[in-house]
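Read the structure below first, then the notes.
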Amino acid sequence: MATPSDTASDVGLFDAVVNLCKRRGFVFPSAEIYGGIRSTYDYGPLGALMLRNIRDAWWRAMIQERDDVVPLDAAILTNPKVWEASGHLATFTDPLVDCRRCKERWRADQIEDTCPNCGSKDLTEARPFNLMFKTFVGPVEDESAVAYLRPETAQGMFVNFLNIETTMRRKPPFGIAQIGRAFRNEITPGNFVFRTREFELMELEFFVPPADSPRWQQYWCDERLSWYQRYGIAPEKLRLRPHDPAELSHYSSGTTDVEFAFPWGWGELEGIANRTDFDLRVHQEHSGTSLEHFDQASGERYLPHVVEPAAGATRAMMAFLLAAYEEDEVGGERRAVLRLHPKIAPYQAAVLPLSKKDTLSPLARDVLHRLQPHFMCEYDETQSIGRRYRRQDEIGTPYCVTVDFDSLEDHQVTVRDRDSTEQTRLSIDDLVGYLQSRLGA
Ligand code: GAP
């Protein structure tokens with residue numbers, strides 16, 4: 001198994017990917033023209049496409065390809081009693097320390113007893129800092145109007161358990177899955193989009209008979225590890241790591257993380273937690289509504305236990321980019337290439353007329369319009385063809401389709417493969433089928 005290290009090449013990789021993200025429109029600092037806002041990012045055209053592909057890939061594996069999971073899209077703002085019951089108001093905290101000399105604030109568990117900014121050891125005692133963003137609902141800003149931005153999407157699924165079990169005629173084992181924004185007032189966000197205050201979660205709450213939860217937790221660990229591999233991350237860059245008891249969240253009896261070898265070391269991509277019946281139990285107690293499942297076969301009533309694979313979409317995007325970035329040499333020239341899985345890459349194909357001359361444009365646009373119903377495509381007619389190939393390599397486009405002057409006569413185009421750089425000449429009529437067979441559409 002690879003051991004991540006702080007070597008110059010790892011640091012270089014991080015810088016190269018961050019630079020690429022800005023330069024090619026994946027990720028911009030938020031509101032950059034106003035100087036940005038710390039550790040908050042906007043996803044540019046390519047980032048928006050890639051994030052959508054990551055969501056789709058997750059949705060496909062977790063919902064579409066299964067018959068035991070249904071989706072949900074719950075509100076971000078909800079009744080604050082949800083957070084009281086779930087324990088987030090009381091315990092969703094990180095230990096905060098202040099440096100008395102430079103006034104910086106740190107997470108006590110992330111530093112030794114020295115301020116990383118000024119080196120002072122004059123730090124305050126650690127105190128709990130709640131990570132939930134507070135706001136007010138309606139025009140009156142008093143305590144009765146307080147609401148919170150959700151720090152996880154999970155609670156929306158627990159409070160809808162009964163609605164969904166009934167309307168969808170489900171019984172354990174079954175799951176509810178959701179993708180959406182989550183907000184945490186992180187004390188020390190950083191490492192680009194690895195830790196931000198606003199991020200995207202992809203969560204499954206899988207409800208099972210209590211005795212079956214260990215088996216299902218193992219099942220979901222294996223499934224989730226193989227999902228990252230299916231979409232192109234090499235097995236040696238991934239590992240499963242069980243939490244130490246001291247690390248466990250307040251709701252978990254056991255969590256295993258899927259970790260990725262980030263340039264600065266192993267880092268969490270996703271946690272697979274056994275939440276037991278913690279959440280259904282507290283919501284049952286606080287709401288006064290029974291959330292027990294009645295098993296008709298055995299005549300038994302019970303609170304299902306929950307196994308929860310919870311993944312960060314924005315963090316996964318960073319891992320996919322880091323895993324895909326390479327520099328190699330083609331025809332004696334250095335190139336940067338993102339070897340992204342075709343389903344994750346922002347564009348699946350680029351249509352490139354060999355020359356900008358008007359004679360080629362109508363046919364090239366016709367080729368583009370044939371492809372667009374099937375694939376996300378870019379059309380580029382600027383600069384030399386070699387530079388346009390490099391541009392597509394750098395953003396991970398798996399196939400470039402070149403329309404040249406012969407195309408006008410023979411109705412054929414050249415398809416260039418990003419990874420092998422091999423070129424294949426084929427009929428325009430066969431193009432969609434050819435790309436579909438290669439892209440797995
Ligand atoms: N409902 C359980 C839950 O939210 P978590 O481990 O706190 O679990 C799940 O978060 C995933 O969300 C993490 O594995 C990580 O990928 C992502 N994540 C958590 N905090 C994040 C942050 N501040 N910025 C970006 N991604 C974050």
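Just remember, in the structure tokens the first chain shown is A, the second B, etc., residues are 1-based per chain, and ligands are 1-based in the order shown.
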Got a sec to check which residues lie within 8 Å of ligand 1, using only C-alpha atoms and all ligand atoms, and send them as a ChimeraX atom specification? /A:151-155,183-186,189,193-203,257-258,268-271,273,308-316
Which of stretch 153-275 of chain A counts as strand (DSSP E) under DSSP, as a PyMOL selection string please? chain A and resi 174-183+198-208+238-242+254-262+265-275
Distance query A:Glu259 at most 10 Å, only C-alpha atoms, self and fewer than 3 positions along chain excluded, as a PyMOL selection string: chain A and resi 225+237-241+256+262+265-271+319
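In this comparison, which uses only C-alpha atoms, the residue of A:Arg230, A:Gly180, A:Phe26, A:Leu303 approaching A:Val208 most closely is A:Leu303.
Within stretch 23-76 of chain A, residues classed as helix (DSSP H, G or I) by DSSP on backbone coordinates are Arg23, Glu32, Ile33, Tyr34, Pro45, Leu46, Gly47, Ala48, Leu49, Met50, Leu51, Arg52, Asn53, Ile54, Arg55, Asp56, Ala57, Trp58, Trp59, Arg60, Ala61, Met62, Ile63 and Gln64 of chain A.
Interatomic distance, atom CA of A:Arg416 against atom CA of A:Trp58: 28.5 Å.
For the pair atom CA of A:Glu292 and atom CA of A:Glu165, the separation is 10.6 Å.
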Neighbour list for stretch 340-350 of chain A as a PyMOL selection string, cut-off 8 Å, only C-alpha atoms, skip fewer than 3 positions in-chain: chain A and resi 46-47+49-50+53-54+57+231-232+320-321+324+375-380+392+395-401+439
Identify, on the basis of only C-alpha atoms, every residue whose closest approach to A:Arg66 does not exceed 12 Å; exclude the query and any residue fewer than 4 positions from it along the same chain; express the result as a ChimeraX atom specification. /A:58-62,70-71,174-177
Output N, CA and C atoms of each residue in that selection to a file, as a CSV table (one decimal), in the first residue's frame.
chain,number,residue,atom,x,y,z
A,58,TRP,N,-22.7,8.7,-8.3
A,58,TRP,CA,-23.2,8.2,-6.9
A,58,TRP,C,-24.6,7.8,-7.0
A,59,TRP,N,-25.5,8.6,-7.6
A,59,TRP,CA,-26.9,8.3,-7.7
A,59,TRP,C,-27.1,7.0,-8.4
A,60,ARG,N,-26.4,6.8,-9.5
A,60,ARG,CA,-26.5,5.6,-10.3
A,60,ARG,C,-26.2,4.4,-9.4
A,61,ALA,N,-25.1,4.4,-8.7
A,61,ALA,CA,-24.7,3.3,-7.9
A,61,ALA,C,-25.6,3.1,-6.7
A,62,MET,N,-26.0,4.2,-6.1
A,62,MET,CA,-26.7,4.1,-4.8
A,62,MET,C,-28.2,4.0,-4.9
A,70,VAL,N,-34.4,4.6,-1.9
A,70,VAL,CA,-35.2,5.6,-2.6
A,70,VAL,C,-34.6,7.0,-2.3
A,71,PRO,N,-34.8,7.9,-3.2
A,71,PRO,CA,-34.2,9.3,-2.9
A,71,PRO,C,-35.1,10.2,-2.1
A,174,PHE,N,-33.9,-1.3,3.9
A,174,PHE,CA,-34.0,-0.4,2.8
A,174,PHE,C,-33.4,1.0,3.1
A,175,GLY,N,-33.1,1.8,2.1
A,175,GLY,CA,-32.3,3.0,2.4
A,175,GLY,C,-33.0,4.2,1.8
A,176,ILE,N,-32.6,5.3,2.4
A,176,ILE,CA,-33.0,6.7,1.8
A,176,ILE,C,-31.7,7.4,1.5
A,177,ALA,N,-31.7,8.0,0.3
A,177,ALA,CA,-30.4,8.6,-0.2
A,177,ALA,C,-30.7,10.0,-0.5
